[in-house]
Structure formats: structure tokens, C-alpha cells
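Asks: Quick one: this structure, given as C-alpha cells, is what I'll be asking you about.
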Amino acid sequence: MVRLPCKADRVTDFIKQDLRGSRFEDVYLNDARFQRVDLTNARFREVYLTGAVISDAVLVDVQLSGEIENLRVNGIDVAPLVEAELDRRYPDRPKMRPTDADGFREAWETLERLWPQTVDRARGFTPEQLHERVDGEWSFIETLRHLVFASDAWVNRAFLGDPSPWDPLDLPHDEMQDEPSVPRDRTARPPLDEVLALRADRMATVRRVFAELDDERLDGMTEPVMEPGYPEQESFPVRRCLQAILDEEWHHRLYAERDFDVLEARSA
């Protein structure tokens, strides 16, 4: 996520107003106060709630996902409980938090074992369904394209130093500002096999990087790539670059499986 800069040139009060159906995008609500506000069926995405305090609330049928730390519900920090339950549901999940080079290799081997199951499931859907978005999230094809972008950004560019590793089908995250050197064709509708071939190429590169990784390199820094692109022209901890790949691969596969459940229910 790209954190918005804080600027508060003026303060506007909304008191006893009907704003139902309004859309708030790139809006700064730092230090705002909400009292007797009806947020029924509201949708929040890419919002920052660090330090937020919600009291005397009615939270029924609420879904919350994202980076959750130090979340207290009725005085209890529920984040560790959530983490433990997720680890229980997905026994491979703890492997996505490696501490050494061998751990990163094991994590990648796990991902390469899991992803074919998701791809096999994808082949049971029509081409139209593979391009269908569920609740505004990326379609399966878009998800694969984004993972190609992630590999290009954090492995090929940041780690290996290729200033322009992009394929025309690379799909950056929506929150990334437009960068002329990075493709972003949101209208492309490539077939599944074309995107899978591109994915196979990038996954082979990541596999090679993990195979050659040692603990000294893992604890090092990347050489900055000075040409324009993404990520920025700076040096990054190697661990951060490679952890980003694990996180992207793990979470987006689960998102895809979640959306497949919805598509199957719709078909039924």
C-alpha cells in the first residue's frame, strides 16, 4: 500500500447530513471524529486505521482482513488468536516466515507444491470466469499477471539488478502511481496458458535465486538500480525483497481459492 501524505489545509464538519452512497477516495481523515455515524454496508479498502479507537460499537457480520497487530476487542489482543487459528487452518503457513536461507527454500518449494492445485482448479472454469472479478478483487488472470509483476519488481529488478525486466502483461498494484517505464494494461485479456507460460519463466528465476541463496546474502543489501522503475532507486534488505515474494504468492493463491468458491456458488 502507498501511504498518503498528510495535509490538512482546512477542516470541514459534516453534522446531520445524509451522505449515503458517497465515495471517498484519496481523502484525508487523520484525527477525524465519528459519532453516531451509520456505516452499515460500507466498504473500506486500503485504509489506515493505526491508532484508531472504536468504542460502543455494534460489530455484527463484519469482515476484516489485512495486516493486523495489537487489535484489542473488549480489552483482549485478538491478533495472536487470529494468527494461531490461521496457522491451524493452513499448516504450511508458518513456513512463510523463514529465518534463514534453508527456510526460504522450503517456503518456495511449498508454494510450488500448492500452486498447481489452484491452477488445476482454474482449468475447470470458463475463460470468461477466469477474467471475472469477484467483489471488485482481481480476476484469476489478473492475479497471475500481478505475481509476474511482483517477481519482476522484487527479484529481477531489486535483487538481480535488471533495470527493466517487465513484460507487457505485468500488472502493478492499483495503488502504485503510474510509471512510464512499467507496463500497466488493465484491459488486456490474455488466455490462461499464455499467462501460465510467463509465470513459469518467472518462477524458474525465483527458484534459481532461492537455490543459490545463503545466509550471508540473505542478511545483505541489494545494489540500487538507478534507472526509473519500481521499486524505487534505492538499496533494500535482501530479506525484504524475498519475503515480499513469499507473501504475494501465499496470499494471492488463497484469494484466488476464495474467489473460486464464489464463482462455483454462482454457477450452481
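Convention: chains lettered A, B, ... in C-alpha cells order; per-chain residue numbering from 1; ligands numbered from 1 as shown.
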Within 7 Å of stretch 224-234 of chain A, counting only C-alpha atoms, which residues show up once you throw out same-chain ones fewer than 5 positions away? Write them as an mmCIF file with C-alpha atoms, in the first residue's frame, please.

Replies:
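New file part17.cif:
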data_model
loop_
_atom_site.group_PDB
_atom_site.id
_atom_site.type_symbol
_atom_site.label_atom_id
_atom_site.label_comp_id
_atom_site.auth_asym_id
_atom_site.auth_seq_id
_atom_site.Cartn_x
_atom_site.Cartn_y
_atom_site.Cartn_z
ATOM 1 C CA ALA A 153 9.951 -5.953 -9.295
ATOM 2 C CA ALA A 158 15.620 -5.142 -6.952
ATOM 3 C CA GLY A 161 19.599 -5.625 -10.843
ATOM 4 C CA PRO A 163 16.542 -2.153 -14.612
ATOM 5 C CA GLU A 179 5.444 4.939 -14.022
ATOM 6 C CA SER A 181 8.730 2.578 -17.733
ATOM 7 C CA VAL A 182 6.401 -0.016 -16.148
#

Asks: Would you give me, as a tab-separated table, each residue of stretch 163-188 of chain A having an atom within 12 Å of an atom of stretch 40-48 of chain A, along with its shortest atom pair and that distance in Å to one decimal, using only C-alpha atoms and sorting by chain and residue number?

Replies:
residue	atom	partner	partner_atom	distance
A:His173	CA	A:Glu46	CA	11.5
A:Asp174	CA	A:Glu46	CA	10.3
A:Glu175	CA	A:Glu46	CA	8.5
A:Met176	CA	A:Glu46	CA	11.9

Asks: Take the residues just selected and output them with N, CA and C atoms as a short mmCIF file (atom, residue, chain, number, x, y, z; two decimals), in the first residue's frame.

Replies:
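Here's the written file part.cif:
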data_model
loop_
_atom_site.label_atom_id
_atom_site.label_comp_id
_atom_site.auth_asym_id
_atom_site.auth_seq_id
_atom_site.Cartn_x
_atom_site.Cartn_y
_atom_site.Cartn_z
N HIS A 173 0.21 -3.21 -8.74
CA HIS A 173 -0.91 -3.00 -7.84
C HIS A 173 -1.57 -1.67 -8.17
N ASP A 174 -2.87 -1.61 -7.94
CA ASP A 174 -3.65 -0.44 -8.34
C ASP A 174 -3.17 0.83 -7.67
N GLU A 175 -2.62 0.71 -6.44
CA GLU A 175 -2.24 1.89 -5.68
C GLU A 175 -0.92 2.49 -6.15
N MET A 176 -0.17 1.77 -6.99
CA MET A 176 1.11 2.29 -7.46
C MET A 176 0.88 3.42 -8.46
#

Asks: Taking into account only C-alpha atoms, which residue in the set A:Thr143, A:Gly220, A:Ala122, A:Pro116 is nearest to A:Glu248?

Replies: A:Thr143

Asks: What does the distance between atom CA of A:Gly136 and atom CA of A:Pro190 come to in Å, to one decimal place?

Replies: 19.3 Å

Asks: Nearest residue to A:Arg208 out of A:Glu249, A:Glu109, A:Asp162, A:Glu257, using only C-alpha atoms?

Replies: A:Glu109

Asks: DSSP on the backbone, then: every residue of stretch 22-196 of chain A marked strand (DSSP E or B), written as a list in words.

Replies: Arg72, Val73, Ile76 and Asp77 of chain A

Asks: Print the selection's residues with N, CA and C atoms to a file, as a PDB file, in the first residue's frame.

Replies:
ATOM      1  N   ARG A  72      -7.271  -4.855  19.830  1.00  0.00           N
ATOM      2  CA  ARG A  72      -7.932  -5.228  21.084  1.00  0.00           C
ATOM      3  C   ARG A  72      -9.450  -5.145  20.916  1.00  0.00           C
ATOM      4  N   VAL A  73     -10.089  -6.238  21.238  1.00  0.00           N
ATOM      5  CA  VAL A  73     -11.548  -6.316  21.213  1.00  0.00           C
ATOM      6  C   VAL A  73     -12.003  -6.578  22.639  1.00  0.00           C
ATOM      7  N   ILE A  76      -9.101  -7.373  24.842  1.00  0.00           N
ATOM      8  CA  ILE A  76      -8.272  -8.542  24.550  1.00  0.00           C
ATOM      9  C   ILE A  76      -7.589  -8.362  23.205  1.00  0.00           C
ATOM     10  N   ASP A  77      -6.255  -8.558  23.190  1.00  0.00           N
ATOM     11  CA  ASP A  77      -5.498  -8.511  21.935  1.00  0.00           C
ATOM     12  C   ASP A  77      -5.817  -9.780  21.151  1.00  0.00           C
TER      13      ASP A  77
END

Asks: Stretch 93-245 of chain A: which residues are alpha helix (DSSP H) by DSSP, as number ranges by chain?

Replies: A: 101-122, 127-130, 140-151, 192-212, 215-218, 238-245

Asks: Pick the closest to A:Met96 from A:Arg20, A:Arg33, A:Arg202, A:His251: which is it, counting only C-alpha atoms?

Replies: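 Looking only at the distances to A:Met96, the closest residue turns out to be A:His251.
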
Asks: Using only C-alpha atoms for the distances, tell me which of A:Leu144, A:Val27, A:Ala79, A:Leu242 is nearest to A:Leu198.

Replies: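 Closest to A:Leu198 of all the choices is A:Leu144.
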
Asks: Looking at only C-alpha atoms, which of A:Val206, A:Val195, A:Ala200, A:Leu171 is the one that sits closest to A:Pro183?

Replies: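 When distances to A:Pro183 are compared using only C-alpha atoms, the smallest one comes from A:Leu171.
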
Asks: Write out as a ChimeraX atom specification each polymer residue whose atoms come within 7 Å of A:Ala101, counting only C-alpha atoms; drop sequence neighbours fewer than 2 positions from it.

Replies: /A:103-105,213-215,218

Asks: Go ahead and write the residues just picked, N, CA and C atoms, as a compact mmCIF listing (two decimals), in the first residue's frame.

Replies:
# COMPACT_ATOMS: atom_id res chain seq x y z
N GLY A 103 15.19 -22.04 5.13
CA GLY A 103 13.77 -21.80 5.34
C GLY A 103 13.12 -21.16 4.12
N PHE A 104 13.82 -20.23 3.47
CA PHE A 104 13.27 -19.63 2.25
C PHE A 104 13.13 -20.67 1.15
N ARG A 105 14.10 -21.58 1.04
CA ARG A 105 13.99 -22.64 0.04
C ARG A 105 12.79 -23.53 0.32
N LEU A 213 20.80 -19.15 -2.75
CA LEU A 213 20.83 -18.25 -1.60
C LEU A 213 21.58 -18.86 -0.42
N ASP A 214 22.38 -18.04 0.24
CA ASP A 214 22.98 -18.45 1.51
C ASP A 214 22.67 -17.39 2.56
N ASP A 215 22.97 -17.72 3.81
CA ASP A 215 22.58 -16.83 4.90
C ASP A 215 23.29 -15.48 4.83
N LEU A 218 21.44 -13.45 2.31
CA LEU A 218 20.12 -13.14 2.82
C LEU A 218 20.15 -11.95 3.77
